[in-house]
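Asks: Contents are PDB, C-alpha atoms, pLDDT in the B column; file name final07.pdb:
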ATOM      1  CA  MET A1443     -35.158  -5.414 -22.190  1.00 83.00           C
ATOM      2  CA  LEU A1444     -32.544  -8.138 -21.834  1.00 91.00           C
ATOM      3  CA  THR A1445     -28.967  -7.181 -22.613  1.00 93.00           C
ATOM      4  CA  VAL A1446     -26.345  -9.461 -24.187  1.00 94.00           C
ATOM      5  CA  PHE A1447     -24.893  -9.884 -20.665  1.00 95.00           C
ATOM      6  CA  ASP A1448     -28.333 -10.878 -19.290  1.00 93.00           C
ATOM      7  CA  LYS A1449     -28.872 -13.477 -22.001  1.00 92.00           C
ATOM      8  CA  LYS A1450     -25.447 -14.998 -21.465  1.00 91.00           C
ATOM      9  CA  LEU A1451     -26.060 -15.091 -17.699  1.00 93.00           C
ATOM     10  CA  LEU A1452     -29.473 -16.729 -18.073  1.00 90.00           C
ATOM     11  CA  ASN A1453     -28.015 -19.302 -20.476  1.00 88.00           C
ATOM     12  CA  PHE A1454     -25.364 -20.219 -17.875  1.00 85.00           C
ATOM     13  CA  LEU A1455     -28.044 -20.623 -15.206  1.00 86.00           C
ATOM     14  CA  GLN A1456     -30.068 -23.002 -17.372  1.00 83.00           C
ATOM     15  CA  THR A1457     -27.257 -25.225 -18.513  1.00 79.00           C
ATOM     16  CA  GLY A1458     -24.311 -25.105 -16.181  1.00 76.00           C
ATOM     17  CA  LEU A1459     -24.647 -23.554 -12.759  1.00 81.00           C
ATOM     18  CA  PRO A1460     -21.411 -24.714 -11.141  1.00 83.00           C
ATOM     19  CA  ILE A1461     -21.608 -26.867  -8.038  1.00 85.00           C
ATOM     20  CA  SER A1462     -19.151 -25.039  -5.818  1.00 90.00           C
ATOM     21  CA  SER A1463     -18.983 -22.894  -2.715  1.00 94.00           C
ATOM     22  CA  HIS A1464     -19.156 -19.737  -4.905  1.00 94.00           C
ATOM     23  CA  PRO A1465     -21.088 -20.623  -8.080  1.00 93.00           C
ATOM     24  CA  PHE A1466     -21.825 -17.011  -8.981  1.00 94.00           C
ATOM     25  CA  ALA A1467     -18.147 -16.072  -8.694  1.00 96.00           C
ATOM     26  CA  ASP A1468     -17.418 -18.987 -11.036  1.00 94.00           C
ATOM     27  CA  ILE A1469     -20.005 -17.729 -13.536  1.00 93.00           C
ATOM     28  CA  ALA A1470     -18.609 -14.212 -13.229  1.00 95.00           C
ATOM     29  CA  ARG A1471     -15.144 -15.480 -14.150  1.00 95.00           C
ATOM     30  CA  LEU A1472     -16.559 -17.302 -17.176  1.00 92.00           C
ATOM     31  CA  MET A1473     -18.280 -14.060 -18.216  1.00 93.00           C
ATOM     32  CA  ASP A1474     -15.247 -11.811 -17.588  1.00 95.00           C
ATOM     33  CA  SER A1475     -17.183 -10.052 -14.859  1.00 96.00           C
ATOM     34  CA  GLU A1476     -17.353  -9.916 -11.066  1.00 96.00           C
ATOM     35  CA  GLU A1477     -19.508 -11.815  -8.600  1.00 96.00           C
ATOM     36  CA  THR A1478     -21.117  -8.620  -7.248  1.00 97.00           C
ATOM     37  CA  VAL A1479     -22.180  -7.630 -10.788  1.00 97.00           C
ATOM     38  CA  VAL A1480     -23.680 -11.080 -11.441  1.00 96.00           C
ATOM     39  CA  LEU A1481     -25.561 -11.136  -8.124  1.00 96.00           C
ATOM     40  CA  LYS A1482     -26.870  -7.587  -8.578  1.00 97.00           C
ATOM     41  CA  ARG A1483     -28.136  -8.365 -12.060  1.00 96.00           C
ATOM     42  CA  LEU A1484     -29.780 -11.613 -10.902  1.00 95.00           C
ATOM     43  CA  ARG A1485     -31.679  -9.716  -8.194  1.00 94.00           C
ATOM     44  CA  GLU A1486     -32.849  -7.207 -10.813  1.00 95.00           C
ATOM     45  CA  LEU A1487     -33.871  -9.945 -13.272  1.00 93.00           C
ATOM     46  CA  LYS A1488     -35.907 -11.584 -10.529  1.00 90.00           C
ATOM     47  CA  GLN A1489     -37.597  -8.284  -9.609  1.00 92.00           C
ATOM     48  CA  GLU A1490     -38.359  -7.675 -13.298  1.00 92.00           C
ATOM     49  CA  GLY A1491     -39.993 -11.113 -13.591  1.00 86.00           C
ATOM     50  CA  TYR A1492     -37.444 -12.752 -15.904  1.00 86.00           C
ATOM     51  CA  LEU A1493     -36.347 -15.186 -13.228  1.00 85.00           C
ATOM     52  CA  ARG A1494     -38.534 -17.114 -10.817  1.00 77.00           C
ATOM     53  CA  ARG A1495     -36.096 -19.345  -8.978  1.00 77.00           C
ATOM     54  CA  ILE A1496     -32.591 -20.707  -9.052  1.00 81.00           C
ATOM     55  CA  GLY A1497     -32.227 -24.217  -7.756  1.00 73.00           C
ATOM     56  CA  PRO A1498     -31.461 -27.812  -8.575  1.00 70.00           C
ATOM     57  CA  PHE A1499     -33.703 -30.484 -10.019  1.00 69.00           C
ATOM     58  CA  PHE A1500     -33.800 -33.771  -8.129  1.00 70.00           C
ATOM     59  CA  ASP A1501     -35.277 -37.146  -8.961  1.00 71.00           C
ATOM     60  CA  SER A1502     -38.205 -36.765  -6.591  1.00 74.00           C
ATOM     61  CA  ASN A1503     -39.215 -40.444  -6.842  1.00 75.00           C
ATOM     62  CA  LYS A1504     -35.793 -41.601  -5.654  1.00 76.00           C
ATOM     63  CA  MET A1505     -36.117 -39.202  -2.719  1.00 80.00           C
ATOM     64  CA  GLY A1506     -39.459 -40.738  -1.752  1.00 77.00           C
ATOM     65  CA  TYR A1507     -41.654 -37.914  -3.049  1.00 84.00           C
ATOM     66  CA  GLN A1508     -44.862 -38.355  -4.988  1.00 85.00           C
ATOM     67  CA  GLY A1509     -46.170 -35.947  -7.562  1.00 88.00           C
ATOM     68  CA  THR A1510     -49.559 -34.935  -8.783  1.00 92.00           C
ATOM     69  CA  LEU A1511     -50.905 -32.549 -11.389  1.00 93.00           C
ATOM     70  CA  VAL A1512     -53.816 -30.504 -10.112  1.00 97.00           C
ATOM     71  CA  ALA A1513     -56.389 -28.637 -12.181  1.00 97.00           C
ATOM     72  CA  LEU A1514     -58.597 -26.046 -10.518  1.00 98.00           C
ATOM     73  CA  GLN A1515     -61.684 -24.212 -11.605  1.00 98.00           C
ATOM     74  CA  VAL A1516     -61.238 -20.762 -10.077  1.00 98.00           C
ATOM     75  CA  GLN A1517     -63.535 -17.767 -10.305  1.00 98.00           C
ATOM     76  CA  PRO A1518     -61.586 -15.192 -12.355  1.00 96.00           C
ATOM     77  CA  GLU A1519     -61.731 -12.512  -9.670  1.00 97.00           C
ATOM     78  CA  TYR A1520     -59.958 -14.893  -7.240  1.00 98.00           C
ATOM     79  CA  MET A1521     -57.304 -16.138  -9.675  1.00 97.00           C
ATOM     80  CA  GLU A1522     -54.365 -14.100  -8.365  1.00 96.00           C
ATOM     81  CA  GLN A1523     -55.275 -14.719  -4.719  1.00 97.00           C
ATOM     82  CA  VAL A1524     -55.514 -18.500  -5.245  1.00 97.00           C
ATOM     83  CA  ALA A1525     -52.295 -18.668  -7.295  1.00 96.00           C
ATOM     84  CA  THR A1526     -50.439 -16.726  -4.583  1.00 95.00           C
ATOM     85  CA  ALA A1527     -51.738 -19.077  -1.886  1.00 97.00           C
ATOM     86  CA  ILE A1528     -50.644 -22.137  -3.875  1.00 96.00           C
ATOM     87  CA  ASN A1529     -47.168 -20.679  -4.424  1.00 93.00           C
ATOM     88  CA  ARG A1530     -46.648 -20.586  -0.641  1.00 94.00           C
ATOM     89  CA  TYR A1531     -46.518 -24.393  -0.483  1.00 95.00           C
ATOM     90  CA  PRO A1532     -42.906 -25.592  -0.847  1.00 90.00           C
ATOM     91  CA  GLY A1533     -43.872 -28.537  -3.072  1.00 90.00           C
ATOM     92  CA  ALA A1534     -46.004 -26.522  -5.509  1.00 93.00           C
ATOM     93  CA  THR A1535     -44.462 -25.826  -8.912  1.00 83.00           C
ATOM     94  CA  HIS A1536     -45.499 -25.016 -12.438  1.00 82.00           C
ATOM     95  CA  ASN A1537     -48.472 -22.944 -11.327  1.00 89.00           C
ATOM     96  CA  TYR A1538     -50.081 -21.403 -14.396  1.00 91.00           C
ATOM     97  CA  GLU A1539     -53.351 -20.047 -15.708  1.00 94.00           C
ATOM     98  CA  ARG A1540     -55.061 -21.729 -18.658  1.00 94.00           C
ATOM     99  CA  GLU A1541     -58.142 -21.150 -20.736  1.00 95.00           C
ATOM    100  CA  GLY A1542     -61.134 -23.387 -20.233  1.00 95.00           C
ATOM    101  CA  ARG A1543     -63.210 -24.650 -17.334  1.00 96.00           C
ATOM    102  CA  TYR A1544     -60.152 -25.733 -15.348  1.00 98.00           C
ATOM    103  CA  ASN A1545     -58.249 -22.485 -15.515  1.00 98.00           C
ATOM    104  CA  LEU A1546     -55.438 -22.878 -12.953  1.00 97.00           C
ATOM    105  CA  TRP A1547     -53.007 -25.825 -13.074  1.00 97.00           C
ATOM    106  CA  PHE A1548     -50.072 -26.699 -10.836  1.00 96.00           C
ATOM    107  CA  THR A1549     -47.935 -29.641  -9.786  1.00 92.00           C
ATOM    108  CA  LEU A1550     -47.440 -30.686  -6.195  1.00 94.00           C
ATOM    109  CA  LEU A1551     -44.629 -32.843  -4.780  1.00 91.00           C
ATOM    110  CA  THR A1552     -45.018 -34.236  -1.273  1.00 93.00           C
ATOM    111  CA  PRO A1553     -43.246 -36.915   0.769  1.00 93.00           C
ATOM    112  CA  ASN A1554     -46.500 -38.836   1.304  1.00 92.00           C
ATOM    113  CA  ARG A1555     -50.140 -39.024   0.193  1.00 90.00           C
ATOM    114  CA  GLU A1556     -51.459 -37.832   3.569  1.00 94.00           C
ATOM    115  CA  LEU A1557     -49.647 -34.489   3.286  1.00 95.00           C
ATOM    116  CA  CYS A1558     -50.736 -34.177  -0.329  1.00 95.00           C
ATOM    117  CA  GLU A1559     -54.381 -34.696   0.646  1.00 96.00           C
ATOM    118  CA  ARG A1560     -54.109 -32.183   3.524  1.00 97.00           C
ATOM    119  CA  ILE A1561     -52.655 -29.528   1.222  1.00 97.00           C
ATOM    120  CA  LEU A1562     -55.234 -30.184  -1.494  1.00 97.00           C
ATOM    121  CA  GLN A1563     -58.024 -29.965   1.066  1.00 98.00           C
ATOM    122  CA  GLN A1564     -56.698 -26.551   2.152  1.00 98.00           C
ATOM    123  CA  ILE A1565     -56.487 -25.385  -1.461  1.00 98.00           C
ATOM    124  CA  ARG A1566     -59.951 -26.771  -2.236  1.00 98.00           C
ATOM    125  CA  SER A1567     -61.368 -24.616   0.579  1.00 97.00           C
ATOM    126  CA  LEU A1568     -59.840 -21.346  -0.685  1.00 98.00           C
ATOM    127  CA  PRO A1569     -62.319 -18.645  -1.684  1.00 98.00           C
ATOM    128  CA  GLY A1570     -63.047 -18.772  -5.400  1.00 98.00           C
ATOM    129  CA  VAL A1571     -62.107 -22.444  -5.921  1.00 98.00           C
ATOM    130  CA  GLU A1572     -65.134 -24.141  -7.449  1.00 98.00           C
ATOM    131  CA  ALA A1573     -63.752 -27.525  -8.550  1.00 98.00           C
ATOM    132  CA  MET A1574     -60.553 -29.580  -8.434  1.00 98.00           C
ATOM    133  CA  MET A1575     -59.123 -32.510 -10.387  1.00 97.00           C
ATOM    134  CA  ASN A1576     -56.224 -34.383  -8.779  1.00 95.00           C
ATOM    135  CA  LEU A1577     -54.344 -36.173 -11.573  1.00 92.00           C
ATOM    136  CA  ILE A1578     -51.911 -38.393  -9.649  1.00 85.00           C
ATOM    137  CA  SER A1579     -48.720 -39.345 -11.494  1.00 74.00           C
ATOM    138  CA  LYS A1580     -48.510 -42.994 -12.471  1.00 74.00           C
ATOM    139  CA  LYS A1581     -45.513 -42.708 -14.777  1.00 72.00           C
ATOM    140  CA  LYS A1582     -42.967 -39.909 -14.885  1.00 68.00           C
ATOM    141  CA  TYR A1583     -41.799 -38.250 -18.092  1.00 66.00           C
ATOM    142  CA  LYS A1584     -38.954 -35.807 -17.580  1.00 63.00           C
ATOM    143  CA  ILE A1585     -38.490 -33.148 -20.204  1.00 59.00           C
ATOM    144  CA  ASN A1586     -35.460 -30.903 -20.090  1.00 57.00           C
ATOM    145  CA  VAL A1587     -36.627 -27.510 -21.322  1.00 56.00           C
ATOM    146  CA  GLN A1588     -34.027 -24.847 -21.936  1.00 61.00           C
ATOM    147  CA  PHE A1589     -34.517 -21.484 -23.548  1.00 66.00           C
ATOM    148  CA  LYS A1590     -31.330 -20.637 -25.457  1.00 72.00           C
ATOM    149  CA  LEU A1591     -31.202 -16.849 -25.488  1.00 67.00           C
ATOM    150  CA  LYS A1592     -29.287 -15.171 -28.301  1.00 72.00           C
TER     151      LYS A1592
END
Written as structure tokens, how would this file's structure read?
Replies:
Amino acid sequence: MLTVFDKKLLNFLQTGLPISSHPFADIARLMDSEETVVLKRLRELKQEGYLRRIGPFFDSNKMGYQGTLVALQVQPEYMEQVATAINRYPGATHNYEREGRYNLWFTLLTPNRELCERILQQIRSLPGVEAMMNLISKKKYKINVQFKLK
């Protein structure tokens, strides 16, 4: 169960992680707490599954990266194994299970098409993967999603 402190901390992370040499000390000051308390609680929130990653968002196109949305048809008994394998690729994000024929979807950012194709070929050959759709981005729509916790 999230505490008031947890919610306030998660709100800070979503909207205003300071760019500084000690961002968690800065957040701690804003929360009338201490850096060690903030870091300890963040580790616990990650272990409990409330937090997946802390990191910046970059304009991948300006950095020369290309994105694609990938839909997989995965045999249900292999779902967790395939999702775990996909999560090991640094450019894989937004990996989630869906209902329907294509039941595992993820995005992949790579610096070039050749690397993208190599990675997708590796994923395509994983046990339990029956089909793949590679939906290459032609136009980017950026949505800023924040979950205001009260």
Asks: How would you write, as a PyMOL selection string, the residues chosen by the PyMOL selection byres ((chain A and resi 1508-1522) around 9) on this structure?
Replies: chain A and resi 1502-1503+1506-1507+1523-1527+1533+1539+1542-1555+1558+1562+1566+1569-1580+1582
Asks: Keeping only C-alpha atoms, write those residues as a CSV table (one decimal), in the coordinates of the input.
Replies:
chain,number,residue,atom,x,y,z
A,1502,SER,CA,-38.2,-36.8,-6.6
A,1503,ASN,CA,-39.2,-40.4,-6.8
A,1506,GLY,CA,-39.5,-40.7,-1.8
A,1507,TYR,CA,-41.7,-37.9,-3.0
A,1523,GLN,CA,-55.3,-14.7,-4.7
A,1524,VAL,CA,-55.5,-18.5,-5.2
A,1525,ALA,CA,-52.3,-18.7,-7.3
A,1526,THR,CA,-50.4,-16.7,-4.6
A,1527,ALA,CA,-51.7,-19.1,-1.9
A,1533,GLY,CA,-43.9,-28.5,-3.1
A,1539,GLU,CA,-53.4,-20.0,-15.7
A,1542,GLY,CA,-61.1,-23.4,-20.2
A,1543,ARG,CA,-63.2,-24.6,-17.3
A,1544,TYR,CA,-60.2,-25.7,-15.3
A,1545,ASN,CA,-58.2,-22.5,-15.5
A,1546,LEU,CA,-55.4,-22.9,-13.0
A,1547,TRP,CA,-53.0,-25.8,-13.1
A,1548,PHE,CA,-50.1,-26.7,-10.8
A,1549,THR,CA,-47.9,-29.6,-9.8
A,1550,LEU,CA,-47.4,-30.7,-6.2
A,1551,LEU,CA,-44.6,-32.8,-4.8
A,1552,THR,CA,-45.0,-34.2,-1.3
A,1553,PRO,CA,-43.2,-36.9,0.8
A,1554,ASN,CA,-46.5,-38.8,1.3
A,1555,ARG,CA,-50.1,-39.0,0.2
A,1558,CYS,CA,-50.7,-34.2,-0.3
A,1562,LEU,CA,-55.2,-30.2,-1.5
A,1566,ARG,CA,-60.0,-26.8,-2.2
A,1569,PRO,CA,-62.3,-18.6,-1.7
A,1570,GLY,CA,-63.0,-18.8,-5.4
A,1571,VAL,CA,-62.1,-22.4,-5.9
A,1572,GLU,CA,-65.1,-24.1,-7.4
A,1573,ALA,CA,-63.8,-27.5,-8.6
A,1574,MET,CA,-60.6,-29.6,-8.4
A,1575,MET,CA,-59.1,-32.5,-10.4
A,1576,ASN,CA,-56.2,-34.4,-8.8
A,1577,LEU,CA,-54.3,-36.2,-11.6
A,1578,ILE,CA,-51.9,-38.4,-9.6
A,1579,SER,CA,-48.7,-39.3,-11.5
A,1580,LYS,CA,-48.5,-43.0,-12.5
A,1582,LYS,CA,-43.0,-39.9,-14.9
Asks: Please work out which residues fall within 10 Å of (-27.0, -13.1, -17.5), coordinates as given in the file, with only C-alpha atoms counting, and return them as a ChimeraX atom specification.
Replies: /A:1444-1455,1469-1470,1473,1479-1481,1483-1484,1487,1591
Asks: For the atom pair atom CA of A:His1536 and atom CA of A:Gly1497, what is the interatomic distance in Å to one decimal place?
Replies: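 Distance between the two atoms: 14.1 Å.
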Asks: Record the distance separating atom CA of A:Ile1565 and atom CA of A:Thr1535, expressed in Å with one decimal.
Replies: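 Separation of atom CA of A:Ile1565 and atom CA of A:Thr1535: 14.2 Å.
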Asks: Between atom CA of A:Asn1537 and atom CA of A:Met1443, what distance in Å does the model show, to one decimal?
Replies: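 Separation between atom CA of A:Asn1537 and atom CA of A:Met1443: 24.5 Å.
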Asks: Complete the atoms of stretch 1516-1548 of chain A to N, CA and C atoms and put them out as a short mmCIF file (atom, residue, chain, number, x, y, z; two decimals), in the coordinates of the input.
Replies:
data_model
loop_
_atom_site.label_atom_id
_atom_site.label_comp_id
_atom_site.auth_asym_id
_atom_site.auth_seq_id
_atom_site.Cartn_x
_atom_site.Cartn_y
_atom_site.Cartn_z
N VAL A 1516 -61.30 -21.90 -10.99
CA VAL A 1516 -61.24 -20.76 -10.08
C VAL A 1516 -62.03 -19.60 -10.68
N GLN A 1517 -62.84 -18.97 -9.85
CA GLN A 1517 -63.54 -17.77 -10.30
C GLN A 1517 -62.48 -16.73 -10.69
N PRO A 1518 -62.62 -16.11 -11.85
CA PRO A 1518 -61.59 -15.19 -12.36
C PRO A 1518 -61.16 -14.10 -11.37
N GLU A 1519 -62.08 -13.59 -10.61
CA GLU A 1519 -61.73 -12.51 -9.67
C GLU A 1519 -60.87 -13.00 -8.50
N TYR A 1520 -60.77 -14.31 -8.32
CA TYR A 1520 -59.96 -14.89 -7.24
C TYR A 1520 -58.65 -15.51 -7.75
N MET A 1521 -58.44 -15.46 -9.05
CA MET A 1521 -57.30 -16.14 -9.68
C MET A 1521 -55.97 -15.78 -9.02
N GLU A 1522 -55.66 -14.51 -8.92
CA GLU A 1522 -54.36 -14.10 -8.36
C GLU A 1522 -54.23 -14.51 -6.90
N GLN A 1523 -55.28 -14.35 -6.14
CA GLN A 1523 -55.28 -14.72 -4.72
C GLN A 1523 -55.03 -16.22 -4.54
N VAL A 1524 -55.68 -17.05 -5.35
CA VAL A 1524 -55.51 -18.50 -5.24
C VAL A 1524 -54.11 -18.90 -5.69
N ALA A 1525 -53.64 -18.34 -6.80
CA ALA A 1525 -52.30 -18.67 -7.30
C ALA A 1525 -51.24 -18.29 -6.26
N THR A 1526 -51.38 -17.16 -5.62
CA THR A 1526 -50.44 -16.73 -4.58
C THR A 1526 -50.45 -17.69 -3.40
N ALA A 1527 -51.63 -18.13 -3.00
CA ALA A 1527 -51.74 -19.08 -1.89
C ALA A 1527 -51.06 -20.40 -2.23
N ILE A 1528 -51.27 -20.88 -3.45
CA ILE A 1528 -50.64 -22.14 -3.88
C ILE A 1528 -49.12 -22.02 -3.88
N ASN A 1529 -48.62 -20.89 -4.34
CA ASN A 1529 -47.17 -20.68 -4.42
C ASN A 1529 -46.49 -20.69 -3.06
N ARG A 1530 -47.24 -20.56 -1.99
CA ARG A 1530 -46.65 -20.59 -0.64
C ARG A 1530 -46.28 -22.00 -0.19
N TYR A 1531 -46.84 -23.01 -0.84
CA TYR A 1531 -46.52 -24.39 -0.48
C TYR A 1531 -45.18 -24.78 -1.12
N PRO A 1532 -44.24 -25.28 -0.32
CA PRO A 1532 -42.91 -25.59 -0.85
C PRO A 1532 -42.91 -26.59 -2.00
N GLY A 1533 -43.85 -27.52 -2.03
CA GLY A 1533 -43.87 -28.54 -3.07
C GLY A 1533 -44.64 -28.15 -4.32
N ALA A 1534 -45.22 -26.95 -4.36
CA ALA A 1534 -46.00 -26.52 -5.51
C ALA A 1534 -45.09 -25.89 -6.56
N THR A 1535 -45.25 -26.37 -7.80
CA THR A 1535 -44.46 -25.83 -8.91
C THR A 1535 -45.35 -25.72 -10.15
N HIS A 1536 -44.83 -25.10 -11.14
CA HIS A 1536 -45.50 -25.02 -12.44
C HIS A 1536 -46.95 -24.55 -12.31
N ASN A 1537 -47.15 -23.50 -11.55
CA ASN A 1537 -48.47 -22.94 -11.33
C ASN A 1537 -48.78 -21.96 -12.46
N TYR A 1538 -49.79 -22.29 -13.27
CA TYR A 1538 -50.08 -21.40 -14.40
C TYR A 1538 -51.56 -21.38 -14.74
N GLU A 1539 -51.97 -20.26 -15.30
CA GLU A 1539 -53.35 -20.05 -15.71
C GLU A 1539 -53.55 -20.58 -17.12
N ARG A 1540 -54.72 -21.19 -17.34
CA ARG A 1540 -55.06 -21.73 -18.66
C ARG A 1540 -56.48 -21.30 -19.01
N GLU A 1541 -56.77 -21.40 -20.29
CA GLU A 1541 -58.14 -21.15 -20.74
C GLU A 1541 -58.97 -22.41 -20.51
N GLY A 1542 -60.25 -22.24 -20.39
CA GLY A 1542 -61.13 -23.39 -20.23
C GLY A 1542 -61.73 -23.46 -18.84
N ARG A 1543 -62.53 -24.48 -18.63
CA ARG A 1543 -63.21 -24.65 -17.33
C ARG A 1543 -62.20 -24.75 -16.20
N TYR A 1544 -61.21 -25.62 -16.35
CA TYR A 1544 -60.15 -25.73 -15.35
C TYR A 1544 -59.06 -24.75 -15.75
N ASN A 1545 -59.04 -23.62 -15.06
CA ASN A 1545 -58.25 -22.48 -15.52
C ASN A 1545 -56.98 -22.21 -14.70
N LEU A 1546 -56.68 -23.03 -13.71
CA LEU A 1546 -55.44 -22.88 -12.95
C LEU A 1546 -54.88 -24.28 -12.70
N TRP A 1547 -53.65 -24.52 -13.17
CA TRP A 1547 -53.01 -25.82 -13.07
C TRP A 1547 -51.69 -25.69 -12.34
N PHE A 1548 -51.36 -26.69 -11.52
CA PHE A 1548 -50.07 -26.70 -10.84
C PHE A 1548 -49.68 -28.13 -10.52
#
